[in-house]
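Encoded as structure tokens, the structure appears first; notes follow it.
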Amino acid sequence: MTSKDEPRSREAVKAALGAQTVETPSWAYANSGTRFKVFAQPGVPRTPFEKLDDAARVHAHTGVAPAVALHIPWDRVDDYGELAAHAAKLGLRIGTVNANVFQDDDYRLGSVTNPDPAVRRKAVRHLLDCVEIMEATGSRDLKLWFSDGTNYPGQDDLRTRQDRLAEALRTVYDRLGDGHRMLLEYKLFEPAFYATDVPDWGTAYAHCLQLGPKARVVVDTGHHAPGTNIEFIVASLLRAERLGGFDLNSRFYADDDLMAGAADPFQLFRIMYEVVRGGGLTPDVAFMLDQCHNIEPKIPAIIRSVMNVQEATAKALLVDPEALAHAQRTGDVLAANGVLMDAFNTDVRPLLAEVREEAGLDPDPMAAYRRSGWAERIVSERIGGEQAGWGA
Ligand code: AOS
Ligand code: ZN
Ligand code: ZN
């Protein structure tokens, strides 16, 4: 058995890479856009079943994307057991169930923190419905993101809103089944511009601590102020055993939801290093993508994102813990930094190609997808019906 400080063998690195899974979001397969325009793409899924069909292509070519996150009601179906069975038939499973309490007119002043108790009850009802969907689909994680907040100072009482939030979370937490978890996501701003009710990891963590061990924090990489040291947050949450997972994506400005690893691969590496360092490369941490592909073809963009996550993970696994610990102990600042940079600057693509080949996959998932004919097939077959879109 390798001790924490020994460099990992090539075989151990490959085994860790083969075991990591990346969960893809159903909404990333659908049409999406900005508030200015949604550019519809031909062949986009028309139903949650077709979203799973596309997710199966990502899994087929990468071998590491077996779970698909749902968003309710965007993925509303009559029979969730049937949806889960469809996933299983494709070699997939249903991942997180994402609740949506941000799209009804009733939520203008918030959902679970709304001043009107009737609106709060409606929002909690939806969250409880999502727990039922978890039961029907075999999902483990309920992911909660609240758009709740205020636009103007004085608009509502900040403290009372925290009380309302705590009460709603408690009701839902108490309804979770054995093996279920509640993942609470924070976001600095948007759509609320003055105060968001869950704006940061501290607030999310405090609520999770109050609730109990099934409550964990989700780190969406696009939900921080520019310059935030996200890897510090990851290290802290892992240390406290409260990191539930990630919504991975890239941002240049705000919550851009671009492909993970596209804007700042070094940041993704630093985050993955803390994951590896903190023992977080386990199924206890859900590596989810939360992205939108507004102008690029969706399936290959998701494949590219999965590969980017794998590359960052591979580099993190290549950091030599012994050399790093020695440099840190002896106060050798440049050597310590050099150990991390050596790993980051390693070209891990041949290693990942090897992992894929050993798993019976094409070493180049992007090329394999291009050759598969799936892109042409969905364009010719998905005729009629209404394309799934952001919020539909
Ligand atoms: C919103 O900004 C969050 O990232 C949520 O995770 C949200 O549910 C998801 O992006 C789908 O819109
Ligand atoms: Zn998110
Ligand atoms: Zn977001």
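Here, A, B, ... name the chains of the structure tokens in the order displayed, residue numbers run from 1 inside each chain, and ligands are numbered from 1 in the same displayed order.
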Near A:Leu352, counting only C-alpha atoms, which residues have an atom at most 10 Å away, once you skip same-chain residues fewer than 5 positions from it, shown as a PDB file with N, CA and C atoms, in the first residue's frame?
ATOM      1  N   VAL A  13      -1.722   5.815 -10.699  1.00  0.00           N
ATOM      2  CA  VAL A  13      -2.303   7.013 -11.335  1.00  0.00           C
ATOM      3  C   VAL A  13      -3.360   6.574 -12.353  1.00  0.00           C
ATOM      4  N   LYS A  14      -3.023   5.564 -13.130  1.00  0.00           N
ATOM      5  CA  LYS A  14      -3.971   5.102 -14.158  1.00  0.00           C
ATOM      6  C   LYS A  14      -5.228   4.518 -13.512  1.00  0.00           C
ATOM      7  N   LEU A  17      -7.415   7.331 -12.336  1.00  0.00           N
ATOM      8  CA  LEU A  17      -8.065   8.011 -13.469  1.00  0.00           C
ATOM      9  C   LEU A  17      -9.203   7.168 -14.025  1.00  0.00           C
ATOM     10  N   GLY A  18      -8.990   5.869 -14.052  1.00  0.00           N
ATOM     11  CA  GLY A  18     -10.038   4.978 -14.572  1.00  0.00           C
ATOM     12  C   GLY A  18     -11.239   4.928 -13.653  1.00  0.00           C
ATOM     13  N   MET A 307     -12.797  15.390 -20.756  1.00  0.00           N
ATOM     14  CA  MET A 307     -11.356  15.169 -20.961  1.00  0.00           C
ATOM     15  C   MET A 307     -10.522  16.211 -20.209  1.00  0.00           C
ATOM     16  N   GLN A 310     -10.361  15.231 -16.689  1.00  0.00           N
ATOM     17  CA  GLN A 310      -9.420  14.108 -16.537  1.00  0.00           C
ATOM     18  C   GLN A 310      -7.967  14.583 -16.606  1.00  0.00           C
ATOM     19  N   GLU A 311      -7.690  15.518 -17.502  1.00  0.00           N
ATOM     20  CA  GLU A 311      -6.310  16.000 -17.632  1.00  0.00           C
ATOM     21  C   GLU A 311      -5.859  16.727 -16.363  1.00  0.00           C
ATOM     22  N   ALA A 314      -5.272  14.088 -13.760  1.00  0.00           N
ATOM     23  CA  ALA A 314      -4.030  13.342 -14.008  1.00  0.00           C
ATOM     24  C   ALA A 314      -2.827  14.154 -13.541  1.00  0.00           C
ATOM     25  N   ASP A 347       2.673  16.772 -20.024  1.00  0.00           N
ATOM     26  CA  ASP A 347       1.663  16.436 -21.031  1.00  0.00           C
ATOM     27  C   ASP A 347       1.084  15.072 -20.656  1.00  0.00           C
ATOM     28  N   GLU A 357      -7.239   3.181 -23.847  1.00  0.00           N
ATOM     29  CA  GLU A 357      -6.981   1.966 -24.636  1.00  0.00           C
ATOM     30  C   GLU A 357      -7.091   0.718 -23.768  1.00  0.00           C
ATOM     31  N   GLU A 358      -6.580   0.824 -22.562  1.00  0.00           N
ATOM     32  CA  GLU A 358      -6.647  -0.324 -21.657  1.00  0.00           C
ATOM     33  C   GLU A 358      -8.087  -0.625 -21.257  1.00  0.00           C
ATOM     34  N   PRO A 363      -8.419   5.908 -28.035  1.00  0.00           N
ATOM     35  CA  PRO A 363      -7.613   6.846 -27.241  1.00  0.00           C
ATOM     36  C   PRO A 363      -8.009   8.304 -27.462  1.00  0.00           C
ATOM     37  N   ASP A 364      -8.708   8.587 -28.561  1.00  0.00           N
ATOM     38  CA  ASP A 364      -9.092   9.964 -28.874  1.00  0.00           C
ATOM     39  C   ASP A 364     -10.629  10.065 -28.926  1.00  0.00           C
TER      40      ASP A 364
END
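Near A:Ser236, within a cut-off of 12 Å and counting only C-alpha atoms, sit the residues A:Trp201, A:Gly202, A:Tyr205, A:Val217, A:Val219, A:Asn229, A:Ile230, A:Glu231, A:Glu241, A:Arg242, A:Leu243, A:Ile271, A:Glu274, A:Val275, A:Arg277, A:Gly278, A:Gly280, with same-chain residues fewer than 5 positions away left out.
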I need the residues from that last selection saved to file as a PDB file, in the first residue's frame (with N, CA and C atoms), if you can.
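In the end it all went to out.pdb:
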ATOM      1  N   TRP A 201     -19.544  30.027   0.455  1.00  0.00           N
ATOM      2  CA  TRP A 201     -19.411  28.690   1.049  1.00  0.00           C
ATOM      3  C   TRP A 201     -19.600  28.724   2.563  1.00  0.00           C
ATOM      4  N   GLY A 202     -19.317  29.845   3.178  1.00  0.00           N
ATOM      5  CA  GLY A 202     -19.500  29.955   4.628  1.00  0.00           C
ATOM      6  C   GLY A 202     -20.964  29.814   5.007  1.00  0.00           C
ATOM      7  N   TYR A 205     -22.044  26.240   4.291  1.00  0.00           N
ATOM      8  CA  TYR A 205     -21.436  25.344   5.280  1.00  0.00           C
ATOM      9  C   TYR A 205     -22.151  25.461   6.627  1.00  0.00           C
ATOM     10  N   VAL A 217     -21.826  20.787   0.879  1.00  0.00           N
ATOM     11  CA  VAL A 217     -21.731  21.988   0.048  1.00  0.00           C
ATOM     12  C   VAL A 217     -21.304  21.618  -1.372  1.00  0.00           C
ATOM     13  N   VAL A 219     -19.544  23.177  -4.761  1.00  0.00           N
ATOM     14  CA  VAL A 219     -18.739  24.294  -5.262  1.00  0.00           C
ATOM     15  C   VAL A 219     -18.945  24.391  -6.774  1.00  0.00           C
ATOM     16  N   ASN A 229      -9.797  32.350  -4.248  1.00  0.00           N
ATOM     17  CA  ASN A 229      -8.968  31.149  -4.196  1.00  0.00           C
ATOM     18  C   ASN A 229      -9.890  29.944  -3.960  1.00  0.00           C
ATOM     19  N   ILE A 230     -10.385  29.379  -5.051  1.00  0.00           N
ATOM     20  CA  ILE A 230     -11.387  28.306  -4.940  1.00  0.00           C
ATOM     21  C   ILE A 230     -10.761  27.047  -4.325  1.00  0.00           C
ATOM     22  N   GLU A 231      -9.499  26.810  -4.624  1.00  0.00           N
ATOM     23  CA  GLU A 231      -8.882  25.594  -4.067  1.00  0.00           C
ATOM     24  C   GLU A 231      -8.790  25.650  -2.543  1.00  0.00           C
ATOM     25  N   GLU A 241     -15.041  17.526   5.964  1.00  0.00           N
ATOM     26  CA  GLU A 241     -15.878  16.437   5.436  1.00  0.00           C
ATOM     27  C   GLU A 241     -17.246  16.934   5.000  1.00  0.00           C
ATOM     28  N   ARG A 242     -17.262  18.099   4.348  1.00  0.00           N
ATOM     29  CA  ARG A 242     -18.530  18.673   3.903  1.00  0.00           C
ATOM     30  C   ARG A 242     -18.523  19.054   2.430  1.00  0.00           C
ATOM     31  N   LEU A 243     -17.576  18.527   1.690  1.00  0.00           N
ATOM     32  CA  LEU A 243     -17.611  18.799   0.243  1.00  0.00           C
ATOM     33  C   LEU A 243     -18.470  17.728  -0.423  1.00  0.00           C
ATOM     34  N   ILE A 271      -7.394  23.099  -8.125  1.00  0.00           N
ATOM     35  CA  ILE A 271      -8.550  22.546  -7.421  1.00  0.00           C
ATOM     36  C   ILE A 271      -8.409  21.024  -7.308  1.00  0.00           C
ATOM     37  N   GLU A 274      -6.004  19.887  -4.684  1.00  0.00           N
ATOM     38  CA  GLU A 274      -6.548  19.872  -3.313  1.00  0.00           C
ATOM     39  C   GLU A 274      -7.507  18.696  -3.116  1.00  0.00           C
ATOM     40  N   VAL A 275      -8.204  18.331  -4.182  1.00  0.00           N
ATOM     41  CA  VAL A 275      -9.088  17.156  -4.099  1.00  0.00           C
ATOM     42  C   VAL A 275      -8.247  15.913  -3.808  1.00  0.00           C
ATOM     43  N   ARG A 277      -5.166  15.776  -2.658  1.00  0.00           N
ATOM     44  CA  ARG A 277      -4.495  15.979  -1.364  1.00  0.00           C
ATOM     45  C   ARG A 277      -5.442  15.675  -0.202  1.00  0.00           C
ATOM     46  N   GLY A 278      -6.705  16.045  -0.371  1.00  0.00           N
ATOM     47  CA  GLY A 278      -7.681  15.878   0.707  1.00  0.00           C
ATOM     48  C   GLY A 278      -8.426  14.555   0.662  1.00  0.00           C
ATOM     49  N   GLY A 280     -10.254  13.412  -1.723  1.00  0.00           N
ATOM     50  CA  GLY A 280     -11.597  13.619  -2.265  1.00  0.00           C
ATOM     51  C   GLY A 280     -11.875  12.929  -3.582  1.00  0.00           C
TER      52      GLY A 280
END
As a quick test: using only C-alpha atoms and all ligand atoms, which residues lie no more than 10 Å away from ligand 3? Give them as a PyMOL selection string.
chain A and resi 145+147+185-190+219-224+247-249+254-257+290-292
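Among the candidates A:Ala15, A:Val112, A:Ala60, A:Ile133, the one nearest to A:Tyr80 when counting only C-alpha atoms is A:Ile133.
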Can you tell me which residues surround A:Val58 at a distance of at most 7 Å, considering only C-alpha atoms, apart from same-chain residues fewer than 6 positions away, and format the answer as a list in words?
Ala65, Ile299 and Ile303 of chain A
Go ahead and save the picked residues with C-alpha atoms, as a PDB file, in the first residue's frame.
ATOM      1  CA  ALA A  65     -19.475   9.653 -17.595  1.00  0.00           C
ATOM      2  CA  ILE A 299     -22.016  16.545 -27.293  1.00  0.00           C
ATOM      3  CA  ILE A 303     -16.685  15.202 -24.242  1.00  0.00           C
TER       4      ILE A 303
END
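Among the residues of stretch 188-267 of chain A, backbone DSSP assigns strand (DSSP E or B) to Ala195, Thr196, Ala215, Arg216, Val217, Val218, Val219, Asp220, Leu243, Gly244, Gly245, Phe246, Asp247, Leu248, Ser250 and Leu258 of chain A.
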For stretch 96-107 of chain A, please output as a VMD selection string all residues within 10 Å (counting only C-alpha atoms; exclusion window: fewer than 3 positions along the same chain).
chain A and resid 23 to 25 67 to 75 93 110 to 114 116 118 to 120 122 to 124 126 to 131 133 to 134 137 to 148 181 to 183 191 286 288 391
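Taking atom CA of A:Glu135 and atom CA of A:Leu281 as endpoints, the distance between them is 25.8 Å.
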Give me, as a count of residues only, all polymer residues having an atom no more than 9 Å from A:Ala335, counting only C-alpha atoms and skipping those fewer than 5 positions away in the same chain.
5
